[in-house]
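Below is one structure, written out as structure tokens; the observations come after it.
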Amino acid sequence: MIHALQDVMEVNYVTIGQFFSLLSSSPLLVVTILLALGVVFINGWTDAPNAVATCISTRAISPKKAIVMAAVFNFIGVMLFALFAAGVAESIAGLVDFGDLTSAENAKDALVGISSGMVGVVSWGILAWAFGVPSSESHALIAGLTGACFAMMAMGKEVAPGAGSWTNVGIGFVVSSLLGAALGFLVVKGIERCCRNMVRRKTTLFFKWAQIASAAGMALAHGAQDGLKFIGIVYLALFLGSIAYPEAMLQGGIQYVLSNPTMPGFAMEFLHAPVFLWLPVLVSLVMGLGTSVGGYRIIKKVGMGMVDLEPYQGFATDISAFVALILSSALSWPVSTSQVKTCSIVGVGLSKGAKRVNWRVALDMVLTWVFTFPGCILIGFVMCYILFAIPGIY
């Protein structure tokens with residue numbers, strides 16, 4: 001069965017030339033892809049700075065160098081996991097079951113739904129940035145697509161939430177947060193015990209450099225998580241475009257994978273299709289560009305607002321979040337990097353006592369996560385009705 005599935009899916013590649021040919025056949029597909037890349041850019045702009053927030057706050061590295069480092073390691077994370085562990089991309093692509101995707105009409109409906117969800121993500125990301133709060137594009141993406149799905153169901157379209165992907169989302173949401181907080185607490189306690197008889201000046205110097213390395217790892221883990229999410233969305237848009245329009249270059253197979261998420265998925269086929277590697281390259285470059293724009297407001301809120309951190313505590317925060325994110329990526333759980341990083345900071349802060357945590361800042365972030373779901377579901381729902389009401393949307 002595995003070999004048969006891979007044989008069917010060998011045609012699911014598209015070269016960069018075919019990509020532009022496909023875009024030229026459909027304004028709707030152009031809008032969908034541009035919105036998806038816009039979300040990638042905003043993610044790099046608002047979410048990626050979380051990776052380097054703590055190493056900047058402890059003055060282990062300058063903001064400008066940290067942003068460059070984050071952009072580079074985001075790129076590496078996207079490429080590595082696109083090649084070897086792309087389960088997160090598959091989970092995101094399977095959030096909504098768009099029904100019979102051999103039907104051109106269903107495929108066009110699905111493109112409208114994806115575009116509606118992307119509008120929700122872009123709107124929420126800009127709003128959160130304006131308030132200097134680290135939004136979760138992961139939560140926004142899941143919620144926006146869900147809102148569009150609900151709207152299409154209300155219209156009588158042949159869609160439904162993807163059960164397997166939602167299971168991964170739910171598990172990842174809970175486990176990654178608890179793991180980040182627990183590791184943050186335990187790692188910092190372990191460091192304090194191991195270093196209690198050492199010269200403080202020497203340990204501070206060591207952890208200054210160690211924190212730079214752990215922040216690079218955190219940026220890599222961010223790319224592995226968030227980059228893969230958007231690869232899944234762009235790939236799905238290309239596939240839908242190929243079904244919806246006669247210029248299609250991708251055919252067959254993917255709907256089987258989306259309904260059977262335990263099977264080897266489409267994204268792993270990047271290993272066997274060098275001509276398709278332009279997709280993770282494109283996503284990682286756009287994310288890196290967003291990161292290079294910087295997000296000092298968010299760096300200040302995350303790295304300086306909740307807990308006053310020393311270099312060893314910043315290292316404990318980053319290494320804890322790194323482990324939680326890499327584990328989540330390996331297990332195909334789409335999780336929020338900002339949520340995991342924030343929870344690891346809280347775990348480190350709790351090691352110093354609950355009073356040392358600025359719970360007002362932490363509460364602001366938690367409320368942002370909580371309101372992301374209803375907010376983006378509503379935007380995706382409303383935008384779906386608006387787009388379907390536009391004459392000639394196809």
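Each chain of the structure tokens is named A, B, ... in the order shown, its residues numbered from 1; ligands are numbered from 1 in display order.
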If we count only C-alpha atoms and set the cut-off at 10 Å, which residues sit around segment 25-32 of chain A, ignoring sequence neighbours fewer than 2 positions away in its own chain? Please answer as a tab-separated table (two decimals) with all heavy atoms, in the first residue's frame.
```
chain	number	residue	atom	x	y	z
A	20	PHE	N	4.56	29.42	-12.27
A	20	PHE	CA	4.15	30.70	-12.85
A	20	PHE	C	3.11	30.50	-13.95
A	20	PHE	O	2.21	31.32	-14.14
A	20	PHE	CB	5.36	31.47	-13.37
A	20	PHE	CG	6.19	32.07	-12.27
A	20	PHE	CD1	7.44	31.57	-11.97
A	20	PHE	CD2	5.71	33.13	-11.52
A	20	PHE	CE1	8.21	32.11	-10.95
A	20	PHE	CE2	6.47	33.69	-10.50
A	20	PHE	CZ	7.72	33.18	-10.21
A	21	SER	N	3.23	29.40	-14.68
A	21	SER	CA	2.24	29.09	-15.71
A	21	SER	C	0.87	28.86	-15.08
A	21	SER	O	-0.15	29.33	-15.57
A	21	SER	CB	2.67	27.85	-16.49
A	21	SER	OG	1.67	27.45	-17.40
A	22	LEU	N	0.86	28.17	-13.96
A	22	LEU	CA	-0.39	27.90	-13.25
A	22	LEU	C	-0.99	29.18	-12.70
A	22	LEU	O	-2.20	29.41	-12.79
A	22	LEU	CB	-0.12	26.91	-12.11
A	22	LEU	CG	-1.31	26.33	-11.36
A	22	LEU	CD1	-2.25	25.61	-12.32
A	22	LEU	CD2	-0.84	25.37	-10.28
A	23	LEU	N	-0.14	30.05	-12.16
A	23	LEU	CA	-0.65	31.33	-11.63
A	23	LEU	C	-1.28	32.17	-12.72
A	23	LEU	O	-2.27	32.88	-12.49
A	23	LEU	CB	0.49	32.11	-10.97
A	23	LEU	CG	1.04	31.59	-9.64
A	23	LEU	CD1	2.10	32.53	-9.10
A	23	LEU	CD2	-0.07	31.41	-8.61
A	34	LEU	N	-0.55	34.80	-2.88
A	34	LEU	CA	-0.03	36.06	-2.32
A	34	LEU	C	-0.43	36.21	-0.86
A	34	LEU	O	0.37	36.66	-0.03
A	34	LEU	CB	-0.53	37.25	-3.13
A	34	LEU	CG	0.09	37.45	-4.52
A	34	LEU	CD1	-0.53	38.64	-5.23
A	34	LEU	CD2	1.62	37.62	-4.43
A	35	LEU	N	-1.66	35.82	-0.53
A	35	LEU	CA	-2.09	35.88	0.86
A	35	LEU	C	-1.28	34.92	1.72
A	35	LEU	O	-0.87	35.26	2.84
A	35	LEU	CB	-3.58	35.55	0.97
A	35	LEU	CG	-4.56	36.66	0.59
A	35	LEU	CD1	-5.97	36.12	0.50
A	35	LEU	CD2	-4.49	37.81	1.60
A	36	ALA	N	-1.03	33.72	1.21
A	36	ALA	CA	-0.24	32.75	1.96
A	36	ALA	C	1.18	33.26	2.20
A	36	ALA	O	1.72	33.14	3.31
A	36	ALA	CB	-0.21	31.41	1.21
A	37	LEU	N	1.79	33.84	1.17
A	37	LEU	CA	3.14	34.37	1.33
A	37	LEU	C	3.13	35.61	2.23
A	37	LEU	O	4.10	35.87	2.96
A	37	LEU	CB	3.74	34.71	-0.04
A	37	LEU	CG	4.02	33.51	-0.95
A	37	LEU	CD1	4.59	33.97	-2.29
A	37	LEU	CD2	4.98	32.53	-0.28
A	38	GLY	N	2.02	36.37	2.19
A	38	GLY	CA	1.90	37.50	3.11
A	38	GLY	C	1.87	37.04	4.55
A	38	GLY	O	2.46	37.66	5.44
A	108	LYS	N	-12.24	24.95	-6.69
A	108	LYS	CA	-12.34	26.41	-6.70
A	108	LYS	C	-12.95	26.92	-5.39
A	108	LYS	O	-12.51	27.94	-4.84
A	108	LYS	CB	-13.19	26.86	-7.90
A	108	LYS	CG	-12.52	26.64	-9.24
A	108	LYS	CD	-13.45	26.98	-10.40
A	108	LYS	CE	-12.79	26.71	-11.74
A	108	LYS	NZ	-13.68	26.98	-12.87
A	111	LEU	N	-10.27	26.95	-2.81
A	111	LEU	CA	-9.35	28.08	-2.94
A	111	LEU	C	-9.95	29.34	-2.30
A	111	LEU	O	-9.24	30.11	-1.65
A	111	LEU	CB	-9.02	28.34	-4.42
A	111	LEU	CG	-8.04	27.37	-5.08
A	111	LEU	CD1	-7.95	27.66	-6.57
A	111	LEU	CD2	-6.66	27.48	-4.44
A	112	VAL	N	-11.25	29.55	-2.49
A	112	VAL	CA	-11.91	30.69	-1.86
A	112	VAL	C	-11.86	30.56	-0.34
A	112	VAL	O	-11.59	31.53	0.39
A	112	VAL	CB	-13.38	30.81	-2.33
A	112	VAL	CG1	-14.08	31.94	-1.58
A	112	VAL	CG2	-13.44	31.06	-3.83
A	113	GLY	N	-12.10	29.34	0.15
A	113	GLY	CA	-12.04	29.11	1.59
A	113	GLY	C	-10.66	29.37	2.17
A	113	GLY	O	-10.52	30.00	3.22
A	114	ILE	N	-9.62	28.89	1.48
A	114	ILE	CA	-8.25	29.12	1.96
A	114	ILE	C	-7.94	30.61	1.97
A	114	ILE	O	-7.34	31.14	2.92
A	114	ILE	CB	-7.24	28.36	1.08
A	114	ILE	CG1	-7.39	26.85	1.30
A	114	ILE	CG2	-5.81	28.79	1.38
A	114	ILE	CD1	-6.54	26.02	0.37
A	115	SER	N	-8.32	31.33	0.91
A	115	SER	CA	-8.08	32.78	0.85
A	115	SER	C	-8.77	33.49	2.01
A	115	SER	O	-8.19	34.41	2.63
A	115	SER	CB	-8.59	33.35	-0.48
A	115	SER	OG	-7.87	32.83	-1.57
A	116	SER	N	-9.99	33.08	2.33
A	116	SER	CA	-10.72	33.68	3.45
A	116	SER	C	-9.96	33.48	4.76
A	116	SER	O	-9.83	34.41	5.57
A	116	SER	CB	-12.12	33.06	3.57
A	116	SER	OG	-12.82	33.18	2.36
A	117	GLY	N	-9.47	32.26	4.98
A	117	GLY	CA	-8.70	31.98	6.19
A	117	GLY	C	-7.43	32.80	6.26
A	117	GLY	O	-7.04	33.29	7.34
A	118	MET	N	-6.76	32.99	5.12
A	118	MET	CA	-5.51	33.76	5.10
A	118	MET	C	-5.76	35.23	5.44
A	118	MET	O	-4.94	35.88	6.09
A	118	MET	CB	-4.85	33.67	3.71
A	118	MET	CG	-4.32	32.30	3.32
A	118	MET	SD	-3.05	31.67	4.45
A	118	MET	CE	-4.04	30.57	5.43
A	119	VAL	N	-6.89	35.77	5.00
A	119	VAL	CA	-7.23	37.15	5.36
A	119	VAL	C	-7.32	37.30	6.88
A	119	VAL	O	-6.85	38.28	7.47
A	119	VAL	CB	-8.55	37.58	4.70
A	119	VAL	CG1	-9.01	38.93	5.25
A	119	VAL	CG2	-8.40	37.67	3.19
A	233	ILE	N	0.26	24.87	3.26
A	233	ILE	CA	-0.81	25.69	2.69
A	233	ILE	C	-0.53	26.01	1.22
A	233	ILE	O	-1.41	25.90	0.36
A	233	ILE	CB	-0.97	26.99	3.50
A	233	ILE	CG1	-1.61	26.68	4.85
A	233	ILE	CG2	-1.81	28.01	2.74
A	233	ILE	CD1	-3.02	26.14	4.77
A	234	VAL	N	0.72	26.41	0.90
A	234	VAL	CA	1.05	26.75	-0.48
A	234	VAL	C	0.93	25.51	-1.37
A	234	VAL	O	0.42	25.57	-2.49
A	234	VAL	CB	2.46	27.36	-0.58
A	234	VAL	CG1	2.84	27.61	-2.03
A	234	VAL	CG2	2.52	28.68	0.20
A	237	ALA	N	-2.67	24.85	-2.05
A	237	ALA	CA	-3.21	25.81	-3.01
A	237	ALA	C	-2.80	25.44	-4.43
A	237	ALA	O	-3.61	25.53	-5.37
A	237	ALA	CB	-2.73	27.22	-2.67
A	238	LEU	N	-1.55	25.03	-4.62
A	238	LEU	CA	-1.09	24.61	-5.94
A	238	LEU	C	-1.87	23.39	-6.42
A	238	LEU	O	-2.26	23.30	-7.59
A	238	LEU	CB	0.41	24.30	-5.91
A	238	LEU	CG	1.36	25.49	-5.75
A	238	LEU	CD1	2.79	25.00	-5.64
A	238	LEU	CD2	1.21	26.43	-6.93
A	240	LEU	N	-4.88	22.43	-5.52
A	240	LEU	CA	-6.25	22.81	-5.83
A	240	LEU	C	-6.32	23.57	-7.16
A	240	LEU	O	-7.24	23.36	-7.96
A	240	LEU	CB	-6.82	23.69	-4.71
A	240	LEU	CG	-7.03	22.99	-3.36
A	240	LEU	CD1	-7.34	24.01	-2.28
A	240	LEU	CD2	-8.14	21.95	-3.46
A	241	GLY	N	-5.33	24.43	-7.40
A	241	GLY	CA	-5.29	25.15	-8.66
A	241	GLY	C	-5.14	24.23	-9.85
A	241	GLY	O	-5.73	24.46	-10.92
A	242	SER	N	-4.37	23.18	-9.66
A	242	SER	CA	-4.16	22.23	-10.76
A	242	SER	C	-5.43	21.48	-11.11
A	242	SER	O	-5.65	21.09	-12.26
A	242	SER	CB	-3.06	21.23	-10.38
A	242	SER	OG	-3.52	20.29	-9.43
A	244	ALA	N	-8.55	22.81	-10.44
A	244	ALA	CA	-9.58	23.78	-10.79
A	244	ALA	C	-9.43	24.34	-12.20
A	244	ALA	O	-10.42	24.77	-12.81
A	244	ALA	CB	-9.56	24.93	-9.78
A	245	TYR	N	-8.21	24.33	-12.74
A	245	TYR	CA	-7.97	25.00	-14.01
A	245	TYR	C	-7.25	24.06	-14.98
A	245	TYR	O	-6.41	23.24	-14.58
A	245	TYR	CB	-7.15	26.28	-13.79
A	245	TYR	CG	-7.88	27.23	-12.87
A	245	TYR	CD1	-7.61	27.26	-11.51
A	245	TYR	CD2	-8.89	28.06	-13.36
A	245	TYR	CE1	-8.32	28.12	-10.66
A	245	TYR	CE2	-9.59	28.91	-12.52
A	245	TYR	CZ	-9.31	28.94	-11.18
A	245	TYR	OH	-10.01	29.77	-10.34
A	246	PRO	N	-7.52	24.19	-16.27
A	246	PRO	CA	-6.97	23.26	-17.26
A	246	PRO	C	-5.45	23.32	-17.39
A	246	PRO	O	-4.84	22.37	-17.90
A	246	PRO	CB	-7.65	23.69	-18.56
A	246	PRO	CG	-8.10	25.10	-18.33
A	246	PRO	CD	-8.43	25.16	-16.88
A	247	GLU	N	-4.85	24.42	-16.95
A	247	GLU	CA	-3.39	24.53	-17.02
A	247	GLU	C	-2.70	23.73	-15.91
A	247	GLU	O	-1.48	23.82	-15.74
A	247	GLU	CB	-2.95	25.99	-16.92
A	247	GLU	CG	-3.37	26.85	-18.10
A	247	GLU	CD	-4.80	27.34	-17.99
A	247	GLU	OE1	-5.47	26.96	-17.00
A	247	GLU	OE2	-5.24	28.07	-18.87
A	248	ALA	N	-3.46	22.95	-15.16
A	248	ALA	CA	-2.95	22.24	-13.99
A	248	ALA	C	-1.76	21.37	-14.32
A	248	ALA	O	-1.70	20.72	-15.33
A	248	ALA	CB	-4.06	21.40	-13.38
A	392	GLY	N	-18.17	36.51	-10.34
A	392	GLY	CA	-17.02	36.05	-11.12
A	392	GLY	C	-15.79	35.78	-10.30
A	392	GLY	O	-14.67	35.95	-10.78
A	393	ILE	N	-15.96	35.40	-9.01
A	393	ILE	CA	-14.80	35.17	-8.14
A	393	ILE	C	-13.90	34.08	-8.70
A	393	ILE	O	-12.70	34.07	-8.48
A	393	ILE	CB	-15.28	34.79	-6.73
A	393	ILE	CG1	-14.10	34.66	-5.76
A	393	ILE	CG2	-16.07	33.50	-6.74
A	393	ILE	CD1	-13.36	35.93	-5.52
A	394	TYR	N	-14.44	33.15	-9.45
A	394	TYR	CA	-13.64	32.09	-10.04
A	394	TYR	C	-12.90	32.58	-11.28
A	394	TYR	O	-12.10	31.89	-11.83
A	394	TYR	CB	-14.50	30.90	-10.44
A	394	TYR	CG	-15.14	30.19	-9.26
A	394	TYR	CD1	-16.34	29.52	-9.44
A	394	TYR	CD2	-14.58	30.22	-8.02
A	394	TYR	CE1	-16.95	28.85	-8.38
A	394	TYR	CE2	-15.18	29.57	-6.95
A	394	TYR	CZ	-16.36	28.90	-7.13
A	394	TYR	OH	-16.95	28.26	-6.08
```
Residue list (strand (DSSP E or B), DSSP) for segment 6-238 of chain A, as a list in words: Val96, Asp97, Ala160 and Pro161 of chain A
Point-to-point distance from atom CA of Gln313 of chain A to atom CA of Val348 of chain A, Å rounded to tenths: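 Distance reported for this atom pair: 6.6 Å.
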Tell me which of A:Ser284, A:Asn74, A:Thr204, A:Thr317 sits closest to Lys189 of chain A, counting only C-alpha atoms.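 Of all the options, A:Thr317 lies closest to Lys189 of chain A.
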For a quick check of understanding, using only C-alpha atoms, which of A:Phe98, A:Tyr385, A:Trp124, A:Phe315 has the smallest distance to Thr372 of chain A?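 Of A:Phe98, A:Tyr385, A:Trp124, A:Phe315, the one nearest Thr372 of chain A, counting only C-alpha atoms, is A:Trp124.
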Picked from segment 83-130 of chain A by DSSP as alpha helix (DSSP H), as a PyMOL selection string: chain A and resi 83-84+87-93+104-130
Exercise: Ala321 of chain A partners within 6 Å, only C-alpha atoms, chain neighbours under 4 positions left out, as a ChimeraX atom specification: /A:180,340-341,344
Just all heavy atoms for this one: save the residues we selected as a tab-separated table (two decimals), in the first residue's frame.
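Output file out.tsv follows:
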```tsv
chain	number	residue	atom	x	y	z
A	180	GLY	N	7.11	22.96	27.64
A	180	GLY	CA	7.95	24.16	27.66
A	180	GLY	C	8.11	24.72	29.06
A	180	GLY	O	9.23	25.05	29.49
A	340	VAL	N	4.94	28.36	23.09
A	340	VAL	CA	5.93	27.50	23.74
A	340	VAL	C	7.03	28.33	24.37
A	340	VAL	O	7.46	28.07	25.50
A	340	VAL	CB	6.52	26.50	22.72
A	340	VAL	CG1	7.67	25.71	23.33
A	340	VAL	CG2	5.45	25.53	22.22
A	341	LYS	N	7.50	29.35	23.65
A	341	LYS	CA	8.57	30.20	24.18
A	341	LYS	C	8.08	30.94	25.43
A	341	LYS	O	8.80	31.02	26.45
A	341	LYS	CB	9.01	31.20	23.12
A	341	LYS	CG	10.12	32.17	23.55
A	341	LYS	CD	11.43	31.44	23.81
A	341	LYS	CE	12.56	32.41	24.11
A	341	LYS	NZ	13.09	33.06	22.89
A	344	SER	N	7.94	28.59	28.38
A	344	SER	CA	9.27	28.27	28.91
A	344	SER	C	9.82	29.43	29.75
A	344	SER	O	10.48	29.22	30.77
A	344	SER	CB	10.23	27.91	27.78
A	344	SER	OG	10.52	29.03	26.96
```
Quick check, in Å to one decimal: how far apart do atom CA of Asp226 of chain A and atom CA of Phe207 of chain A lie? 27.3 Å
With distances taken over only C-alpha atoms, which of A:Ile67, A:Leu282, A:Leu145, A:Val72 is nearest to Ile33 of chain A?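 Smallest distance to Ile33 of chain A is found for A:Leu282.
Residue nearest Ala60 of chain A, chosen from A:Leu378, A:Ile386, A:Leu331, A:Ala213 and counting only C-alpha atoms: A:Ala213.
Among the candidate residues A:Gly162, A:Pro63, A:Pro280, A:Gly125, the one lying nearest to Ala82 of chain A is A:Pro280, with distances computed using only C-alpha atoms.
Going from atom CA of Gln211 of chain A to atom CA of Thr342 of chain A covers 16.4 Å.
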Set the distance at 8 Å and use only C-alpha atoms: which residues neighbour Pro161 of chain A once local chain neighbours fewer than 4 positions away are removed? I'd like the list as a list in words.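 Answer for this query is Leu95, Val96, Asp97, Thr146, Cys149 and Trp166 of chain A.
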Do you know which residues are at most 6 Å from Thr291 of chain A counting only C-alpha atoms, after dropping those on the same chain fewer than 3 positions away, and could you put them as a ChimeraX atom specification? /A:44-45,71,288,294
In terms of the shortest atom-to-atom distance over only C-alpha atoms, which of A:Ile212, A:Val187, A:Leu236, A:Ala221 is closest to Ala53 of chain A? A:Ile212
